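In what follows, a single structure is set out as structure tokens and then discussed.
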2 protein chains.
Amino acid sequence: MRATTIHGPKDIRVEHVPDAVVREPGDAVVKVELACICGSDLWAYRGVAKRVPGQRIGHEFVGEVVEVGPGVGSVKVGDRVIAPFVWSDGTCPYCVQGLPTSCPQGGFWGSGTSDGGQAEAVRVPFADGTLVRVPEGVDDALLPALLALSDVMGTGHHAAVSAGAAPGATVVVVGDGAVGLCGVLAAKRLGAERIISLGRHEDRAKVARLFGATDQVPERGAEAVEKVRELTGGLGAPVVLECVGTDESWSTAIGLVRDGGRIGYVGVPHQAPNLPTGKLFPRNIGIAGGIAPVRTYLPELMADVLAGRLDPAPVFDRTLPLDEVADGYRSMDDRSALKVVLTP
Amino acid sequence: MRATTIHGPKDIRVEHVPDAVVREPGDAVVKVELACICGSDLWAYRGVAKRVPGQRIGHEFVGEVVEVGPGVGSVKVGDRVIAPFVWSDGTCPYCVQGLPTSCPQGGFWGSGTSDGGQAEAVRVPFADGTLVRVPEGVDDALLPALLALSDVMGTGHHAAVSAGAAPGATVVVVGDGAVGLCGVLAAKRLGAERIISLGRHEDRAKVARLFGATDQVPERGAEAVEKVRELTGGLGAPVVLECVGTDESWSTAIGLVRDGGRIGYVGVPHQAPNLPTGKLFPRNIGIAGGIAPVRTYLPELMADVLAGRLDPAPVFDRTLPLDEVADGYRSMDDRSALKVVLTP
């Protein structure tokens with residue numbers, strides 16, 4: 001089968017690899033219908049996150065189950081499924097409490113020698129714990145929206161939930177990548193009344209407005225902080241979604257959050273910024289979030305997509321065949337594309 | 001009148017200073033009945049927190065109102081009152097929402113040229129916003145318990161509330177100072193089922209047990225983390241109170257919190273440790289707390305003290321006349337005393 005591999009910075013290839021097969025009783029093999037490229041894949045693409053040459057990549061996919069091990073009970077051959085961006089056993093204390101990202105048996109697609117999602121097929125460990133079955137008869141037109149639930153929509157939702165977005169809230173979203181935009185959509189879905197989106201790219205701002213942003217702030221850094229404070233009676237916003245993960249974005253988030261407010265953060269801290277307690281303490285600023293337990297959110301978000309109440313698909317602005325995946329990385333790296341769908 | 005002043009590291013004096021008087025219409029003057037020394041005063045005593053020579057010190061006191069300005073309506077001459085450790089106007093958006101520590105007109109006793117609590121009397125700005133009246137006829141024997149509400153008990157409560165202590169919870173308290181011990185008591189009051197207290201001082205451990213600690217861990221650092229993990233099925237505790245504020249205590253707190261758990265922190269970050277997002281993110285560890293809005297908690301905690309349901313007084317293990325305040329600092333600095341009461 002064909003799968004995307006990464007050989008070094010900016011060296012993305014599609015190669016012929018051994019077919020995905022069931023190896024453990026709990027495995028399933030999923031034939032990928034749609035996959036996509038994530039902003040976090042760019043950290044590997046740029047060489048910031050290290051990879052072994054030839055390692056698989058991609059962690060978002062929907063597809064059809066084509067083989068199951070004898071221990072699999074929740075999905076069967078022919079089922080359409082969504083895979084969250086980590087697999088998990090579904091039975092450990094963390095999975096049971098809804099934090100599958102801390103599952104001791106869990107792992108990331110494309111880590112080590114595991115399959116990646118940007119491929120024709122994927123071996124899925126712990127299929128019962130990991131995969132979410134899509135009901136039969138769902139319109140193919142909904143596939144991109146369902147694909148977004150594998151990561152970005154669930155991650156934006158995690159930021160919004162962690163920050164305490166609730167009916168009537170004033171929310172600021174730092175970051176206009178796909179996750180930030182999904183954060184806007186999640187805040188809207190949770191009933192936020194005012195949603196201030198930071199970002200200077202007009203194409204992204206359009207999506208933010210479509211998703212529910214009521215105010216947009218193109219300024220950055222200290223100027224953005226000042227602008228948000230102007231918009232919030234000088235006090236800042238009680239609910240802030242940090243969807244970038246850099247020192248600069250954190251500094252902005254801390255600057256514009258209202259005293260006593262909370263920052264829900266999901267920006268992957270590749271450069272691992274440190275949070276200054278000296279700045280948080282006197283203002284009682286809370287921090288919550290982290291890697292999103294997307295598997296836990298999937299049923300509820302899928303129900304809304306299927307009912308027509310939620311549509312994150314507009315985060316995708318380009319579709320390419322798998323063979324052109326390298327071009328997809330290039331276009332996301334130079335920001336000419338927001339998020340690229342791949343069709344194997 | 002006599003007041004405690006600080007002139008440099010380890011140089012605490014009692015000096016004659018001008019009498020406290022009403023200067024603004026909203027002021028009251030409180031004749032101090034009981035004051036005390038705080039662990040956070042030791043940062044100034046040790047020279048870590050800078051002070052101007054001759055500056056007043058002390059931020060915890062109960063006493064009697066002896067003069068009020070024409071704008072004061074909530075207390076009158078003769079009332080017994082508790083002062084929280086910051087004053088606040090009671091009318092700004094932050095005061096109204098219950099975060100008086102962020103009041104733009106608020107301030108700390110002993111900051112700048114303001115009066116300190118370790119004195120015969122104190123000028124109280126914004127008396128209506130700041131002071132809490134004690135009902136008439138309260139037994140003098142309850143005064144130490146009420147004094148503890150001016151800071152340490154309210155601060156321990158803030159840690160417990162911020163960390164999410166709730167009925168049935170398993171809670172770990174990092175720090176066996178007066179605030180940590182009050183954190184134990186607050187967790188117990190909020191219904192925690194299991195309370196693990198860290199600390200190696202037997203006299204403090206006794207108070208912790210009295211306050212509700214069910215387990216005690218004398219180990220420190222990595223050994224304490226290991227011990228707490230043993231006690232919690234390997235997973236750590238979902239609710240952690242960080243009551244110290246140093247790099248080491250934070251590292252311990254992060255080490256022993258369960259993935260998905262929350263650290264409520266009230267340890268004053270004099271050395272301002274930075275929190276490593278790289279360690280928090282993959283484990284979904286939340287951080288909440290900061291400087292405690294004690295004024296907000298005072299009515300509820302006072303009601304419990306007066307009803308005999310709450311008694312933080314055992315955090316005080318020594319009483320000295322004001323004139324011997326320097327000896328009180330010495331004994332807290334060398335840890336021969338836990339917390340010292342002063343009688344002017």
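Lettering and numbering for the structure tokens are positional, with chains as A, B, ... in the shown order, residues counted from 1 in each chain, and ligands counted from 1 in the shown order.
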
Pull the closest atom pair for each residue of chain B that gets at most 8 Å from chain A, along with the distance in Å to one decimal, counting only C-alpha atoms, ordering rows by chain and then ascending residue number, as a Markdown table.
| residue | atom | partner | partner_atom | distance |
| --- | --- | --- | --- | --- |
| B:Leu99 | CA | A:Gly260 | CA | 7.0 |
| B:Thr101 | CA | A:Pro282 | CA | 7.7 |
| B:Ser102 | CA | A:Arg283 | CA | 6.4 |
| B:Asp259 | CA | A:Ser102 | CA | 6.8 |
| B:Gly260 | CA | A:Leu99 | CA | 7.0 |
| B:Val266 | CA | A:Phe281 | CA | 7.7 |
| B:Val268 | CA | A:Phe281 | CA | 7.5 |
| B:Pro269 | CA | A:Gly278 | CA | 5.9 |
| B:His270 | CA | A:Gly278 | CA | 7.6 |
| B:Ala272 | CA | A:Gly278 | CA | 4.7 |
| B:Pro273 | CA | A:Thr277 | CA | 6.0 |
| B:Asn274 | CA | A:Pro276 | CA | 4.7 |
| B:Leu275 | CA | A:Leu275 | CA | 4.7 |
| B:Pro276 | CA | A:Asn274 | CA | 4.7 |
| B:Thr277 | CA | A:Ala272 | CA | 5.6 |
| B:Gly278 | CA | A:Ala272 | CA | 4.7 |
| B:Leu280 | CA | A:Gly290 | CA | 7.0 |
| B:Phe281 | CA | A:Gly290 | CA | 4.0 |
| B:Pro282 | CA | A:Ile291 | CA | 5.5 |
| B:Arg283 | CA | A:Ser102 | CA | 6.4 |
| B:Asn284 | CA | A:Gly290 | CA | 4.5 |
| B:Ile285 | CA | A:Ala288 | CA | 6.7 |
| B:Gly286 | CA | A:Ala288 | CA | 4.2 |
| B:Ile287 | CA | A:Ile287 | CA | 5.0 |
| B:Ala288 | CA | A:Gly286 | CA | 4.2 |
| B:Gly289 | CA | A:Asn284 | CA | 5.4 |
| B:Gly290 | CA | A:Phe281 | CA | 4.0 |
| B:Ile291 | CA | A:Pro282 | CA | 5.5 |

**OP:** Please identify all polymer residues within 10 Å of Ser88 of chain B, counting only C-alpha atoms, omitting same-chain residues fewer than 2 positions from it, and present them as an MDAnalysis selection string.
**Re:** chainID B and resid 84:86 90:92 94:95 99:108 124:131 295

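Here atom CA of Ala83 of chain B and atom CA of Leu306 of chain B stand 16.5 Å from one another.
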
**OP:** Extract the full set of strand (DSSP E or B) residues from segment 30-141 of chain A according to DSSP on the backbone, and format it as a ChimeraX atom specification.
**Re:** /A:30-36,55-56,61-68,80-83,86-87,107-108,119,121-124,132-134

**OP:** Excluding Val161 of chain B and any residue of its chain fewer than 5 positions from it, enumerate the residues within 10 Å of it, using only C-alpha atoms, and give them as a PyMOL selection string.
**Re:** chain B and resi 155-156+166+183+186-187+190+239+241+264+288-289
